[in-house]
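Participant: What follows is a structure written as structure tokens; I'll ask about it next.
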Protein chains: 2
Amino acid sequence: MGATKTDHFTAQQNELANLAKALGHPARIAILEVLLKMEACICGDIVNELPLAQPTVSQHLKELKNAGLIKGNIEGNSICYCIDAENWNKYKELLSAFFAQLNLKINCC
Amino acid sequence: MGATKTDHFTAQQNELANLAKALGHPARIAILEVLLKMEACICGDIVNELPLAQPTVSQHLKELKNAGLIKGNIEGNSICYCIDAENWNKYKELLSAFFAQLNLKINCC
DNA sequence: TAGCATCATCGTAATATTGCAATGAACAAA
DNA sequence: TTTGTTCATTGCAATATTACGATGATGCTA
């Protein structure tokens, strides 16, 4: 069909998958890196840093915002984007906990 | 268009995005959780644990294998899948390093 | 007010992903 | 050899994603 069968999985599985999905595009990684590197949150020249047109960047920003990874504040004419620190750390823990589950003693293949 | 402009981004950005993309589906998270929970790597009854048909699971397994997250060994008639521990830990570090970049002092929005 | 800048949204085209029935390949057992 | 089991692959339909030109909304400035 093409549509993910979200209903059949647990809330935790879907949350982790949604987070990963939001990170699953190099442009979105690049946007986050720009926001991380800037000592203050920059406003709209993310577009200039990326090899993509303005509507495309805007769309990626929207997805990062929906995922809770970034926040956007209106600042006069432009918009100030920055990392959503609270969610960022929550997601950091979520991923960390997921990857910590591996029992190193077991290695059969 | 529809195709991701992979060429315009760095190898690191693409690597991270590919990893995240592989994790970006609840079925694949569920498969990994099954493999993590089993004390030994199970063989093919992953299908029984998931609400998806066998070809669909096979496809997800293929993607996880391509991403380097799991390995598969032929064992007579069936196949033994398990976490690729080496890559797993590499990816764990990769994600950890990415999320560690946040400077907590900066929070403008 | 008129013009400009910034950013979102709409509409559309190209491509990717998801899911499964049907089928195929490989092996084990009768 | 035949039958059954396990898993991959093929082919297809439905849906999602990616990208961008055109356009709209908003606020600043002259």
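Order determines the names: the first chain of the structure tokens is A, the second B, and so forth; residues in each chain are numbered 1 upward, and ligands are numbered 1 upward as they are shown.
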Just need the residues of chain B within 10 Å of chain D, counting only C-alpha atoms (C1' of nucleotides), so spit them out as a list of chain:residue names.
Facilitator: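 Listed by rising number, the hits are B:Met1, B:Gly2, B:Ala3, B:Thr4, B:Lys5, B:Cys43, B:Gly44, B:Asp45, B:Gln54, B:Pro55, B:Ser58, B:Gln59, B:Lys62, B:Gly76, B:Asn77, B:Ser78, B:Ile79.
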Participant: Output N, CA, C and O atoms for every residue in that selection, as a short mmCIF file (atom, residue, chain, number, x, y, z; two decimals), in the first residue's frame.
Facilitator:
data_model
loop_
_atom_site.label_atom_id
_atom_site.label_comp_id
_atom_site.auth_asym_id
_atom_site.auth_seq_id
_atom_site.Cartn_x
_atom_site.Cartn_y
_atom_site.Cartn_z
N MET B 1 10.84 16.09 -9.03
CA MET B 1 12.14 15.58 -8.57
C MET B 1 11.93 14.40 -7.63
O MET B 1 11.79 13.29 -8.06
N GLY B 2 11.92 14.61 -6.35
CA GLY B 2 11.65 13.51 -5.45
C GLY B 2 12.90 12.81 -4.96
O GLY B 2 12.88 12.17 -3.93
N ALA B 3 13.99 12.94 -5.69
CA ALA B 3 15.22 12.26 -5.28
C ALA B 3 16.04 13.17 -4.37
O ALA B 3 16.20 14.36 -4.65
N THR B 4 16.56 12.60 -3.32
CA THR B 4 17.38 13.37 -2.39
C THR B 4 18.69 13.79 -3.06
O THR B 4 19.33 13.00 -3.72
N LYS B 5 19.06 15.04 -2.86
CA LYS B 5 20.29 15.56 -3.48
C LYS B 5 21.52 15.20 -2.65
O LYS B 5 22.20 16.06 -2.10
N CYS B 43 16.08 -17.01 14.39
CA CYS B 43 16.33 -17.34 13.00
C CYS B 43 15.34 -16.73 12.02
O CYS B 43 15.69 -15.95 11.18
N GLY B 44 14.10 -17.04 12.10
CA GLY B 44 13.24 -16.46 11.09
C GLY B 44 11.88 -16.14 11.63
O GLY B 44 11.05 -15.57 10.94
N ASP B 45 11.66 -16.48 12.86
CA ASP B 45 10.35 -16.24 13.42
C ASP B 45 10.16 -14.79 13.85
O ASP B 45 9.23 -14.48 14.59
N GLN B 54 5.32 -11.88 5.49
CA GLN B 54 6.72 -12.31 5.38
C GLN B 54 7.54 -11.51 4.36
O GLN B 54 8.67 -11.12 4.66
N PRO B 55 7.02 -11.24 3.17
CA PRO B 55 7.83 -10.46 2.23
C PRO B 55 8.16 -9.07 2.74
O PRO B 55 9.24 -8.55 2.48
N SER B 58 10.91 -9.36 5.26
CA SER B 58 12.14 -9.67 4.53
C SER B 58 12.76 -8.39 3.94
O SER B 58 13.97 -8.22 3.95
N GLN B 59 11.89 -7.54 3.45
CA GLN B 59 12.35 -6.28 2.87
C GLN B 59 12.98 -5.38 3.94
O GLN B 59 14.02 -4.77 3.72
N LYS B 62 16.31 -6.61 4.89
CA LYS B 62 17.30 -6.27 3.86
C LYS B 62 17.83 -4.85 4.07
O LYS B 62 19.02 -4.59 3.93
N GLY B 76 21.65 -23.89 7.75
CA GLY B 76 20.85 -24.95 7.17
C GLY B 76 19.75 -24.36 6.32
O GLY B 76 20.04 -23.62 5.38
N ASN B 77 18.55 -24.64 6.71
CA ASN B 77 17.42 -24.17 5.92
C ASN B 77 17.03 -22.73 6.24
O ASN B 77 16.54 -22.01 5.39
N SER B 78 17.26 -22.32 7.46
CA SER B 78 16.83 -20.99 7.88
C SER B 78 18.02 -20.04 7.96
O SER B 78 19.15 -20.41 7.67
N ILE B 79 17.74 -18.81 8.35
CA ILE B 79 18.80 -17.80 8.41
C ILE B 79 18.82 -17.16 9.79
O ILE B 79 17.78 -16.83 10.36
#
Participant: Write out as JSON, numbers by chain each polymer residue whose atoms come within 12 Å of Ala17 of chain B, counting only C-alpha atoms (C1' of nucleotides); drop sequence neighbours fewer than 6 positions from it.
Facilitator: {"A": [19, 20, 21, 22, 23, 24, 25, 26, 27, 28, 29, 30, 32], "B": [4, 6, 9, 10, 11, 23, 24, 67, 91, 94, 95, 98]}
Participant: From the set C:DA22, C:DA5, C:DC10, C:DC27, which residue has the shortest atom-to-atom contact distance to chain B, counting only C-alpha atoms (C1' of nucleotides)?
Facilitator: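 Closest to chain B, using only C-alpha atoms (C1' of nucleotides): C:DC27.
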Participant: When you get a sec, could you note down which chain C residues fall within 8 Å of chain B, using only C-alpha atoms (C1' of nucleotides), as a PyMOL selection string?
Facilitator: chain C and resi 13-16+19-20+26-28
Participant: DSSP on the backbone: which residues in chain A end up as strand (DSSP E or B)? Give the answer as JSON, numbers by chain.
Facilitator: {"A": [70, 71, 72, 73, 74, 75, 78, 79, 80, 81, 82, 83]}
Participant: Taking into account only C-alpha atoms, which residue in the set A:Asn66, A:Asn73, A:Asn48, A:Asn87 is nearest to chain B?
Facilitator: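 Looking only at the distances to chain B, the closest residue turns out to be A:Asn73.
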Participant: I'd like to know which residues of chain B are helix (DSSP H, G or I) (by DSSP, run on the backbone); could you write them as a PDB file with N, CA and C atoms, in the first residue's frame?
Facilitator:
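Below is the file states14.pdb, written as the result:
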ATOM      1  N   THR B   6      21.802  13.931  -2.621  1.00  0.00           N
ATOM      2  CA  THR B   6      22.882  13.393  -1.801  1.00  0.00           C
ATOM      3  C   THR B   6      24.226  14.049  -2.081  1.00  0.00           C
ATOM      4  N   ASP B   7      24.490  14.357  -3.342  1.00  0.00           N
ATOM      5  CA  ASP B   7      25.790  14.868  -3.757  1.00  0.00           C
ATOM      6  C   ASP B   7      26.166  16.179  -3.075  1.00  0.00           C
ATOM      7  N   HIS B   8      25.183  16.954  -2.723  1.00  0.00           N
ATOM      8  CA  HIS B   8      25.466  18.281  -2.214  1.00  0.00           C
ATOM      9  C   HIS B   8      25.793  18.297  -0.732  1.00  0.00           C
ATOM     10  N   ALA B  11      29.918  13.585   3.412  1.00  0.00           N
ATOM     11  CA  ALA B  11      29.835  12.144   3.662  1.00  0.00           C
ATOM     12  C   ALA B  11      29.291  11.885   5.056  1.00  0.00           C
ATOM     13  N   GLN B  12      29.699  12.699   6.009  1.00  0.00           N
ATOM     14  CA  GLN B  12      29.238  12.537   7.389  1.00  0.00           C
ATOM     15  C   GLN B  12      27.740  12.774   7.491  1.00  0.00           C
ATOM     16  N   GLN B  13      27.278  13.800   6.826  1.00  0.00           N
ATOM     17  CA  GLN B  13      25.846  14.112   6.851  1.00  0.00           C
ATOM     18  C   GLN B  13      25.044  12.981   6.219  1.00  0.00           C
ATOM     19  N   ASN B  14      25.533  12.466   5.130  1.00  0.00           N
ATOM     20  CA  ASN B  14      24.826  11.372   4.471  1.00  0.00           C
ATOM     21  C   ASN B  14      24.865  10.087   5.292  1.00  0.00           C
ATOM     22  N   GLU B  15      25.986   9.838   5.941  1.00  0.00           N
ATOM     23  CA  GLU B  15      26.105   8.630   6.759  1.00  0.00           C
ATOM     24  C   GLU B  15      25.097   8.658   7.902  1.00  0.00           C
ATOM     25  N   LEU B  16      25.058   9.800   8.570  1.00  0.00           N
ATOM     26  CA  LEU B  16      24.135   9.945   9.691  1.00  0.00           C
ATOM     27  C   LEU B  16      22.682   9.854   9.215  1.00  0.00           C
ATOM     28  N   ALA B  17      22.394  10.502   8.093  1.00  0.00           N
ATOM     29  CA  ALA B  17      21.038  10.489   7.554  1.00  0.00           C
ATOM     30  C   ALA B  17      20.637   9.070   7.143  1.00  0.00           C
ATOM     31  N   ASN B  18      21.562   8.326   6.569  1.00  0.00           N
ATOM     32  CA  ASN B  18      21.252   6.955   6.166  1.00  0.00           C
ATOM     33  C   ASN B  18      20.966   6.063   7.363  1.00  0.00           C
ATOM     34  N   LEU B  19      21.768   6.237   8.392  1.00  0.00           N
ATOM     35  CA  LEU B  19      21.514   5.489   9.620  1.00  0.00           C
ATOM     36  C   LEU B  19      20.127   5.804  10.159  1.00  0.00           C
ATOM     37  N   ALA B  20      19.825   7.097  10.245  1.00  0.00           N
ATOM     38  CA  ALA B  20      18.533   7.518  10.782  1.00  0.00           C
ATOM     39  C   ALA B  20      17.384   7.020   9.907  1.00  0.00           C
ATOM     40  N   LYS B  21      17.612   7.030   8.624  1.00  0.00           N
ATOM     41  CA  LYS B  21      16.588   6.567   7.695  1.00  0.00           C
ATOM     42  C   LYS B  21      16.281   5.088   7.937  1.00  0.00           C
ATOM     43  N   ALA B  22      17.324   4.314   8.167  1.00  0.00           N
ATOM     44  CA  ALA B  22      17.138   2.887   8.428  1.00  0.00           C
ATOM     45  C   ALA B  22      16.347   2.671   9.711  1.00  0.00           C
ATOM     46  N   LEU B  23      16.512   3.551  10.653  1.00  0.00           N
ATOM     47  CA  LEU B  23      15.799   3.451  11.930  1.00  0.00           C
ATOM     48  C   LEU B  23      14.422   4.098  11.857  1.00  0.00           C
ATOM     49  N   PRO B  26       8.797   2.057  12.319  1.00  0.00           N
ATOM     50  CA  PRO B  26       8.515   1.290  13.538  1.00  0.00           C
ATOM     51  C   PRO B  26       8.759  -0.209  13.381  1.00  0.00           C
ATOM     52  N   ALA B  27       8.527  -0.749  12.192  1.00  0.00           N
ATOM     53  CA  ALA B  27       8.762  -2.180  11.995  1.00  0.00           C
ATOM     54  C   ALA B  27      10.242  -2.508  12.160  1.00  0.00           C
ATOM     55  N   ARG B  28      11.088  -1.613  11.691  1.00  0.00           N
ATOM     56  CA  ARG B  28      12.521  -1.887  11.793  1.00  0.00           C
ATOM     57  C   ARG B  28      12.995  -1.704  13.228  1.00  0.00           C
ATOM     58  N   ILE B  29      12.418  -0.749  13.931  1.00  0.00           N
ATOM     59  CA  ILE B  29      12.711  -0.621  15.361  1.00  0.00           C
ATOM     60  C   ILE B  29      12.277  -1.900  16.070  1.00  0.00           C
ATOM     61  N   ALA B  30      11.090  -2.391  15.724  1.00  0.00           N
ATOM     62  CA  ALA B  30      10.567  -3.602  16.365  1.00  0.00           C
ATOM     63  C   ALA B  30      11.463  -4.804  16.082  1.00  0.00           C
ATOM     64  N   ILE B  31      11.939  -4.918  14.871  1.00  0.00           N
ATOM     65  CA  ILE B  31      12.843  -6.021  14.521  1.00  0.00           C
ATOM     66  C   ILE B  31      14.113  -5.950  15.364  1.00  0.00           C
ATOM     67  N   LEU B  32      14.672  -4.761  15.465  1.00  0.00           N
ATOM     68  CA  LEU B  32      15.895  -4.598  16.251  1.00  0.00           C
ATOM     69  C   LEU B  32      15.646  -4.933  17.714  1.00  0.00           C
ATOM     70  N   GLU B  33      14.475  -4.540  18.212  1.00  0.00           N
ATOM     71  CA  GLU B  33      14.159  -4.846  19.615  1.00  0.00           C
ATOM     72  C   GLU B  33      14.047  -6.347  19.846  1.00  0.00           C
ATOM     73  N   VAL B  34      13.480  -7.043  18.874  1.00  0.00           N
ATOM     74  CA  VAL B  34      13.405  -8.502  18.985  1.00  0.00           C
ATOM     75  C   VAL B  34      14.816  -9.097  19.040  1.00  0.00           C
ATOM     76  N   LEU B  35      15.665  -8.633  18.153  1.00  0.00           N
ATOM     77  CA  LEU B  35      17.030  -9.158  18.098  1.00  0.00           C
ATOM     78  C   LEU B  35      17.819  -8.807  19.350  1.00  0.00           C
ATOM     79  N   LEU B  36      17.508  -7.634  19.931  1.00  0.00           N
ATOM     80  CA  LEU B  36      18.199  -7.223  21.147  1.00  0.00           C
ATOM     81  C   LEU B  36      17.739  -8.040  22.344  1.00  0.00           C
ATOM     82  N   LYS B  37      16.462  -8.350  22.364  1.00  0.00           N
ATOM     83  CA  LYS B  37      15.894  -9.013  23.526  1.00  0.00           C
ATOM     84  C   LYS B  37      16.255 -10.497  23.587  1.00  0.00           C
ATOM     85  N   ILE B  46      11.029 -13.925  13.347  1.00  0.00           N
ATOM     86  CA  ILE B  46      10.785 -12.498  13.506  1.00  0.00           C
ATOM     87  C   ILE B  46       9.431 -12.180  12.889  1.00  0.00           C
ATOM     88  N   VAL B  47       9.137 -12.877  11.828  1.00  0.00           N
ATOM     89  CA  VAL B  47       7.867 -12.675  11.130  1.00  0.00           C
ATOM     90  C   VAL B  47       6.690 -12.886  12.076  1.00  0.00           C
ATOM     91  N   ASN B  48       6.793 -13.903  12.928  1.00  0.00           N
ATOM     92  CA  ASN B  48       5.705 -14.199  13.862  1.00  0.00           C
ATOM     93  C   ASN B  48       5.529 -13.124  14.920  1.00  0.00           C
ATOM     94  N   GLU B  49       6.597 -12.396  15.192  1.00  0.00           N
ATOM     95  CA  GLU B  49       6.544 -11.362  16.220  1.00  0.00           C
ATOM     96  C   GLU B  49       5.977 -10.057  15.663  1.00  0.00           C
ATOM     97  N   GLN B  54       5.323 -11.880   5.493  1.00  0.00           N
ATOM     98  CA  GLN B  54       6.718 -12.315   5.381  1.00  0.00           C
ATOM     99  C   GLN B  54       7.540 -11.506   4.357  1.00  0.00           C
ATOM    100  N   PRO B  55       7.025 -11.245   3.175  1.00  0.00           N
ATOM    101  CA  PRO B  55       7.829 -10.458   2.229  1.00  0.00           C
ATOM    102  C   PRO B  55       8.158  -9.068   2.743  1.00  0.00           C
ATOM    103  N   THR B  56       7.229  -8.478   3.476  1.00  0.00           N
ATOM    104  CA  THR B  56       7.460  -7.140   4.014  1.00  0.00           C
ATOM    105  C   THR B  56       8.577  -7.163   5.048  1.00  0.00           C
ATOM    106  N   VAL B  57       8.522  -8.159   5.923  1.00  0.00           N
ATOM    107  CA  VAL B  57       9.570  -8.284   6.937  1.00  0.00           C
ATOM    108  C   VAL B  57      10.913  -8.529   6.266  1.00  0.00           C
ATOM    109  N   SER B  58      10.913  -9.357   5.259  1.00  0.00           N
ATOM    110  CA  SER B  58      12.141  -9.671   4.527  1.00  0.00           C
ATOM    111  C   SER B  58      12.761  -8.395   3.941  1.00  0.00           C
ATOM    112  N   GLN B  59      11.895  -7.541   3.451  1.00  0.00           N
ATOM    113  CA  GLN B  59      12.352  -6.281   2.874  1.00  0.00           C
ATOM    114  C   GLN B  59      12.975  -5.378   3.942  1.00  0.00           C
ATOM    115  N   HIS B  60      12.331  -5.301   5.095  1.00  0.00           N
ATOM    116  CA  HIS B  60      12.875  -4.485   6.184  1.00  0.00           C
ATOM    117  C   HIS B  60      14.209  -5.042   6.666  1.00  0.00           C
ATOM    118  N   LEU B  61      14.291  -6.371   6.720  1.00  0.00           N
ATOM    119  CA  LEU B  61      15.549  -7.004   7.126  1.00  0.00           C
ATOM    120  C   LEU B  61      16.669  -6.651   6.148  1.00  0.00           C
ATOM    121  N   LYS B  62      16.314  -6.612   4.892  1.00  0.00           N
ATOM    122  CA  LYS B  62      17.298  -6.266   3.860  1.00  0.00           C
ATOM    123  C   LYS B  62      17.826  -4.851   4.067  1.00  0.00           C
ATOM    124  N   GLU B  63      16.929  -3.952   4.396  1.00  0.00           N
ATOM    125  CA  GLU B  63      17.341  -2.560   4.604  1.00  0.00           C
ATOM    126  C   GLU B  63      18.218  -2.408   5.840  1.00  0.00           C
ATOM    127  N   LEU B  64      17.865  -3.137   6.882  1.00  0.00           N
ATOM    128  CA  LEU B  64      18.678  -3.089   8.096  1.00  0.00           C
ATOM    129  C   LEU B  64      20.061  -3.671   7.822  1.00  0.00           C
ATOM    130  N   LYS B  65      20.108  -4.671   6.966  1.00  0.00           N
ATOM    131  CA  LYS B  65      21.372  -5.304   6.594  1.00  0.00           C
ATOM    132  C   LYS B  65      22.206  -4.337   5.756  1.00  0.00           C
ATOM    133  N   ASN B  66      21.559  -3.684   4.800  1.00  0.00           N
ATOM    134  CA  ASN B  66      22.264  -2.699   3.969  1.00  0.00           C
ATOM    135  C   ASN B  66      22.831  -1.566   4.805  1.00  0.00           C
ATOM    136  N   ALA B  85      27.354  -6.098  15.978  1.00  0.00           N
ATOM    137  CA  ALA B  85      27.827  -5.404  17.182  1.00  0.00           C
ATOM    138  C   ALA B  85      28.843  -4.304  16.873  1.00  0.00           C
ATOM    139  N   GLU B  86      29.721  -4.579  15.924  1.00  0.00           N
ATOM    140  CA  GLU B  86      30.771  -3.613  15.611  1.00  0.00           C
ATOM    141  C   GLU B  86      30.171  -2.302  15.087  1.00  0.00           C
ATOM    142  N   ASN B  87      29.315  -2.440  14.053  1.00  0.00           N
ATOM    143  CA  ASN B  87      28.670  -1.247  13.509  1.00  0.00           C
ATOM    144  C   ASN B  87      27.732  -0.606  14.517  1.00  0.00           C
ATOM    145  N   TRP B  88      27.071  -1.444  15.280  1.00  0.00           N
ATOM    146  CA  TRP B  88      26.135  -0.944  16.287  1.00  0.00           C
ATOM    147  C   TRP B  88      26.827   0.067  17.196  1.00  0.00           C
ATOM    148  N   ASN B  89      28.002  -0.309  17.672  1.00  0.00           N
ATOM    149  CA  ASN B  89      28.716   0.569  18.585  1.00  0.00           C
ATOM    150  C   ASN B  89      29.276   1.803  17.881  1.00  0.00           C
ATOM    151  N   LYS B  90      29.620   1.615  16.639  1.00  0.00           N
ATOM    152  CA  LYS B  90      30.084   2.749  15.836  1.00  0.00           C
ATOM    153  C   LYS B  90      28.956   3.778  15.678  1.00  0.00           C
ATOM    154  N   TYR B  91      27.776   3.256  15.352  1.00  0.00           N
ATOM    155  CA  TYR B  91      26.624   4.139  15.165  1.00  0.00           C
ATOM    156  C   TYR B  91      26.195   4.785  16.471  1.00  0.00           C
ATOM    157  N   LYS B  92      26.312   4.011  17.529  1.00  0.00           N
ATOM    158  CA  LYS B  92      26.012   4.538  18.864  1.00  0.00           C
ATOM    159  C   LYS B  92      26.871   5.766  19.144  1.00  0.00           C
ATOM    160  N   GLU B  93      28.139   5.663  18.826  1.00  0.00           N
ATOM    161  CA  GLU B  93      29.056   6.787  19.030  1.00  0.00           C
ATOM    162  C   GLU B  93      28.720   7.955  18.114  1.00  0.00           C
ATOM    163  N   LEU B  94      28.391   7.617  16.871  1.00  0.00           N
ATOM    164  CA  LEU B  94      28.074   8.641  15.874  1.00  0.00           C
ATOM    165  C   LEU B  94      26.900   9.498  16.336  1.00  0.00           C
ATOM    166  N   LEU B  95      25.840   8.825  16.772  1.00  0.00           N
ATOM    167  CA  LEU B  95      24.647   9.539  17.230  1.00  0.00           C
ATOM    168  C   LEU B  95      24.921  10.295  18.519  1.00  0.00           C
ATOM    169  N   SER B  96      25.649   9.639  19.386  1.00  0.00           N
ATOM    170  CA  SER B  96      25.978  10.252  20.671  1.00  0.00           C
ATOM    171  C   SER B  96      26.763  11.544  20.455  1.00  0.00           C
ATOM    172  N   ALA B  97      27.731  11.490  19.544  1.00  0.00           N
ATOM    173  CA  ALA B  97      28.552  12.671  19.252  1.00  0.00           C
ATOM    174  C   ALA B  97      27.704  13.781  18.637  1.00  0.00           C
ATOM    175  N   PHE B  98      26.774  13.389  17.794  1.00  0.00           N
ATOM    176  CA  PHE B  98      25.907  14.384  17.158  1.00  0.00           C
ATOM    177  C   PHE B  98      25.063  15.105  18.195  1.00  0.00           C
ATOM    178  N   PHE B  99      24.484  14.336  19.082  1.00  0.00           N
ATOM    179  CA  PHE B  99      23.590  14.938  20.074  1.00  0.00           C
ATOM    180  C   PHE B  99      24.351  15.670  21.179  1.00  0.00           C
TER     181      PHE B  99
END
Participant: Please report the interatomic distance between atom CA of Tyr81 of chain A and atom C1' of DT6 of chain C in Å with one decimal.
Facilitator: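 We find that atom CA of Tyr81 of chain A and atom C1' of DT6 of chain C lie 13.4 Å from each other.
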Participant: Between atom CA of Cys80 of chain B and atom CA of Leu102 of chain A, what distance in Å does the model show, to one decimal?
Facilitator: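 Spanning atom CA of Cys80 of chain B to atom CA of Leu102 of chain A is a straight-line distance of 16.9 Å.
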